[in-house]
Each structure stands twice: as C-alpha cells, then as structure tokens.
Amino acid sequence: MLADEIGARLAVVRARIAAAAERAGRDPNDITLIGVTKTHGVDAIAAACDAGLRDFGENRVQEAAQKVAALHGKVPAARWHLIGHLQRNKAAAAIGLFDILHSVDSERLAETIDAHAERPVRVLLEVNVSGEASKFGVPPADVAAIAERIGRLPGIELVGLMTVAPSVADAEAVRPVFQTLRELRDTAGLRDLSMGMTDDYEVAVEEGSTLVRVGRAIFGSREAARTAGDG
Ligand SMILES: *Cc1c(COP(=O)(O)O)cnc(C)c1O
C-alpha cells in the first residue's frame with residue numbers, strides 16, 4: 001500500500017478513536033494506537049512512522065526481530081508490542097525485543113518470563129472472555145488470583161488485561177466482552193485494557209480501552225500484503 005494511503009487511513013482511525021473517546025467522556029490522549037503490522041513489510045512500517053505512529057504490534061517473535069533489525073536507525077525509536085501467543089522457549093528472545101508483552105496467557109509463561117528478566121518486564125494478562133476453544137487466555141474466573149500471584153514476581157510488571165473479542169458482523173455484539181474485561185481490570189486494580197481491533201475498536205474505546213490494536217484499517221488486507229510479497 002502507498003505511503004500516502006497509510007497516512008490517510010491512520011488519520012481516519014485516529015479521528016474515530018477521538019470521537020469514540022469523546023462519546024464516552026474520555027481523554028483521547030489516554031488511548032494508545034498500536035499499528036498491527038504482521039505480514040506487512042518494513043516499508044509499510046516506515047510509512048506509518050512518517051505519519052507519526054510510534055507503537056507497533058507483531059504476533060511472532062522471529063518476524064518482529066527481522067523487522068526491528070531492518071528498521072534500526074532508519075526510523076525514530078518505536079515501541080514494539082507482542083500481541084500473539086508466546087511459546088515459553090521464545091520468552092527470552094521476546095523480552096529482548098518487545099517493550100510490552102500483551103499475550104501472557106498462563107501463570108507458567110509469566111514464571112518463565114520472570115526467570116529470564118533482568119529488569120521488570122511490562123506485561124498484560126490475556127483473558128479468554130468469550131470462552132471460545134480457539135482462543136488463548138485465562139478464564140475470567142481465574143484472573144484475580146493469577147493477577148495477584150504474577151503481580152508479585154519481581155521480573156514482571158503487570159500493567160493490565162488483554163482480550164481478543166469474537167469476530168462478529170456487528171461490533172455492538174461484543175460490547176459485553178469489553179465490559180467484562182473492564183470489570184475484571186477494575187477488580188484486579190490494574191491500569192491498562194488492551195482491547196479493540198479493526199472491526200470493533202470504537203466500541204472498545206467507548207468501554208475503556210487504553211491500548212487498541214489496529215491492523216487492516218491502517219495497512220489494508222493481510223492477504224494482499226502476502227500476495228504482493230512485501231511481508
Ligand atoms: C491481527 C491482530 C490484531 C489486528 O487485527 P485487525 O483486525 O487487522 O485490526 C489485533 N490483535 C491481535 C491479537 C491480532 O492477532
């Protein structure tokens with residue numbers, strides 16, 4: 001996709017986030033937009049950087065490592081967010097690469113991160129709010145106890161909760177998922193809520209999201225990126 005097009009799409013997403021924040025009486029500055037660049041090439045990331053984006057999400061350690069290396073010194077310092085399932089044998093590599101790990105989906109993974117951490121690693125606990133078998137994350141009923149235990153690990157700075165809502169035609173249908181995550185966050189006394197993607201980020205912002213993870217609305221279809229070979 002052309003750089004101009006990425007800039008224009010980014011402006012639309014930012015305006016929609018600001019409007020959704022306003023509807024909910026929130027300060028738009030409390031919401032960080034993360035551009036999800038999985039499958040997309042470094043040119044797309046550089047174009048988004050040119051348009052002012054500084055936060056990027058990737059779902060695989062190796063793919064992210066290649067992009068971070070390729071962009072080194074070519075773009076202003078960016079923050080990298082891991083948003084996909086992390087295998088325990090890649091925890092050490094992930095710590096070295098990412099600023100925030102959104103997808104800590106078990107106590108065991110948190111313990112592995114803690115064992116490798118040289119300073120506190122910022123993480124979010126992923127919650128499977130909808131209970132779909134295909135999704136990662138801890139069950140809502142376990143959040144309070146797990147958050148309390150991993151929050152005490154010296155190598156972990158637990159900042160919030162993350163969820164991936166079910167994919168539905170009408171974003172209104174997933175509002176209860178976001179409300180549930182917010183209530184769990186409040187009970188656990190945490191700060192951040194990582195929720196909202198291309199199809200549902202406005203509803204997520206209305207429900208309190210502080211970290212929205214938007215891919216297609218900024219960078220276009222991932223299939224097109226793969227076919228064009230720029231991933
Ligand atoms: C791919 C992905 C996104 C971005 O999805 P879009 O629908 O392209 O906005 C967000 N979060 C996670 C966890 C993802 O895997």
# chains A, B, ... in the order shown; residues from 1 in each chain; ligands from 1

call {"tool": "residues_near_ligand", "arguments": {"ligand": "ligand 1", "cutoff": "7 Å", "atoms": "only C-alpha atoms and all ligand atoms", "output": "list in words"}}
result
Val36, Lys38, Asn59, Ile83, Gly84, Val164, Met197, Thr198, Asp199, Arg213, Val214, Gly215, Arg216 and Ala217 of chain A

call {"tool": "select_by_dssp", "arguments": {"residues": "range 59-217 of chain A", "states": "alpha helix (DSSP H)", "output": "ChimeraX atom specification"}}
result
/A:61-71,91-97,107-116,143-150,175-188,201-206,216-217

call {"tool": "write_last_selection", "arguments": {"atoms": "C-alpha atoms", "output": "JSON list (two decimals), in the first residue's frame"}}
result
[["chain", "number", "residue", "atom", "x", "y", "z"],
["A", 61, "VAL", "CA", 8.95, -13.14, 17.67],
["A", 62, "GLN", "CA", 11.01, -14.03, 14.61],
["A", 63, "GLU", "CA", 9.04, -11.87, 12.19],
["A", 64, "ALA", "CA", 9.32, -8.94, 14.57],
["A", 65, "ALA", "CA", 13.07, -9.49, 15.07],
["A", 66, "GLN", "CA", 13.68, -9.25, 11.33],
["A", 67, "LYS", "CA", 11.67, -6.04, 11.03],
["A", 68, "VAL", "CA", 13.24, -4.38, 14.06],
["A", 69, "ALA", "CA", 16.69, -5.18, 12.65],
["A", 70, "ALA", "CA", 15.80, -3.91, 9.17],
["A", 71, "LEU", "CA", 14.39, -0.64, 10.56],
["A", 91, "ALA", "CA", 10.33, -15.93, 26.18],
["A", 92, "ALA", "CA", 13.95, -14.78, 26.48],
["A", 93, "ALA", "CA", 14.03, -13.58, 22.86],
["A", 94, "ALA", "CA", 10.70, -11.79, 23.30],
["A", 95, "ILE", "CA", 11.92, -9.93, 26.39],
["A", 96, "GLY", "CA", 14.91, -8.61, 24.46],
["A", 97, "LEU", "CA", 12.79, -7.40, 21.57],
["A", 107, "GLU", "CA", 0.91, -18.36, 35.01],
["A", 108, "ARG", "CA", 3.62, -20.71, 33.77],
["A", 109, "LEU", "CA", 4.57, -18.34, 30.95],
["A", 110, "ALA", "CA", 4.74, -15.46, 33.42],
["A", 111, "GLU", "CA", 7.10, -17.51, 35.59],
["A", 112, "THR", "CA", 9.33, -18.23, 32.60],
["A", 113, "ILE", "CA", 9.46, -14.54, 31.71],
["A", 114, "ASP", "CA", 10.26, -13.73, 35.32],
["A", 115, "ALA", "CA", 13.10, -16.28, 35.31],
["A", 116, "HIS", "CA", 14.69, -14.59, 32.27],
["A", 143, "VAL", "CA", -8.00, -13.56, 36.64],
["A", 144, "ALA", "CA", -7.98, -12.16, 40.17],
["A", 145, "ALA", "CA", -5.90, -15.00, 41.65],
["A", 146, "ILE", "CA", -3.43, -15.23, 38.76],
["A", 147, "ALA", "CA", -3.02, -11.44, 38.54],
["A", 148, "GLU", "CA", -2.31, -11.32, 42.24],
["A", 149, "ARG", "CA", 0.34, -14.05, 42.03],
["A", 150, "ILE", "CA", 2.15, -12.92, 38.87],
["A", 175, "ARG", "CA", -19.63, -4.77, 23.86],
["A", 176, "PRO", "CA", -20.35, -7.13, 26.81],
["A", 177, "VAL", "CA", -16.93, -8.79, 26.25],
["A", 178, "PHE", "CA", -15.21, -5.42, 26.66],
["A", 179, "GLN", "CA", -17.37, -4.53, 29.66],
["A", 180, "THR", "CA", -16.40, -7.79, 31.33],
["A", 181, "LEU", "CA", -12.68, -7.17, 30.76],
["A", 182, "ARG", "CA", -13.01, -3.67, 32.21],
["A", 183, "GLU", "CA", -14.74, -5.01, 35.33],
["A", 184, "LEU", "CA", -12.01, -7.63, 35.76],
["A", 185, "ARG", "CA", -9.37, -4.91, 35.36],
["A", 186, "ASP", "CA", -11.05, -2.76, 37.99],
["A", 187, "THR", "CA", -11.31, -5.67, 40.43],
["A", 188, "ALA", "CA", -7.64, -6.51, 39.93],
["A", 201, "TYR", "CA", -12.07, -0.60, 18.21],
["A", 202, "GLU", "CA", -14.63, 2.20, 18.54],
["A", 203, "VAL", "CA", -16.80, 0.12, 20.87],
["A", 204, "ALA", "CA", -13.65, -0.90, 22.78],
["A", 205, "VAL", "CA", -12.67, 2.76, 23.27],
["A", 206, "GLU", "CA", -16.19, 3.57, 24.49],
["A", 216, "ARG", "CA", -6.36, -3.81, 8.47],
["A", 217, "ALA", "CA", -7.91, -0.36, 8.95]]

call {"tool": "select_by_dssp", "arguments": {"residues": "range 174-211 of chain A", "states": "strand (DSSP E)", "output": "ChimeraX atom specification"}}
result
/A:192-194,211

call {"tool": "closest_residue", "arguments": {"among": "A:Ile17, A:Cys49, A:Pro120, A:Gly220", "to": "Asp200 in chain A", "atoms": "only C-alpha atoms"}}
result
A:Ile17

call {"tool": "atom_distance", "arguments": {"atom1": "CA of Asp30 in chain A", "atom2": "CA of Val212 in chain A"}}
result
11.0 Å

call {"tool": "atom_distance", "arguments": {"atom1": "CA of Val75 in chain A", "atom2": "CA of Ile156 in chain A"}}
result
28.8 Å

call {"tool": "closest_residue", "arguments": {"among": "A:Asp170, A:Pro154, A:Asp43, A:Val104", "to": "Glu118 in chain A", "atoms": "only C-alpha atoms"}}
result
A:Pro154

call {"tool": "atom_distance", "arguments": {"atom1": "CA of Gly7 in chain A", "atom2": "CA of Ala48 in chain A"}}
result
6.4 Å

call {"tool": "residues_around", "arguments": {"residues": "Gly57 in chain A", "least_positions_apart": "3", "cutoff": "6 Å", "atoms": "only C-alpha atoms", "output": "list of chain:residue names"}}
result
A:Gly35, A:Val36, A:Trp80, A:His81, A:Leu82

call {"tool": "write_last_selection", "arguments": {"atoms": "N, CA, C and O atoms", "output": "short mmCIF file (atom, residue, chain, number, x, y, z; two decimals), in the first residue's frame"}}
result
data_model
loop_
_atom_site.label_atom_id
_atom_site.label_comp_id
_atom_site.auth_asym_id
_atom_site.auth_seq_id
_atom_site.Cartn_x
_atom_site.Cartn_y
_atom_site.Cartn_z
N GLY A 35 -0.30 0.06 15.76
CA GLY A 35 -0.47 -0.41 14.39
C GLY A 35 0.00 -1.85 14.29
O GLY A 35 1.16 -2.15 14.59
N VAL A 36 -0.90 -2.73 13.90
CA VAL A 36 -0.55 -4.16 13.83
C VAL A 36 -0.02 -4.48 12.44
O VAL A 36 -0.74 -4.40 11.45
N TRP A 80 7.57 -1.64 20.52
CA TRP A 80 7.08 -2.89 19.92
C TRP A 80 6.27 -3.68 20.93
O TRP A 80 6.70 -3.87 22.08
N HIS A 81 5.10 -4.11 20.48
CA HIS A 81 4.17 -4.84 21.34
C HIS A 81 3.98 -6.25 20.81
O HIS A 81 3.63 -6.43 19.64
N LEU A 82 4.20 -7.25 21.66
CA LEU A 82 3.89 -8.62 21.25
C LEU A 82 2.42 -8.88 21.55
O LEU A 82 1.98 -8.75 22.70
#

call {"tool": "closest_residue", "arguments": {"among": "A:Gly155, A:Pro140, A:Gly160, A:Gly196", "to": "Asn128 in chain A", "atoms": "only C-alpha atoms"}}
result
A:Pro140
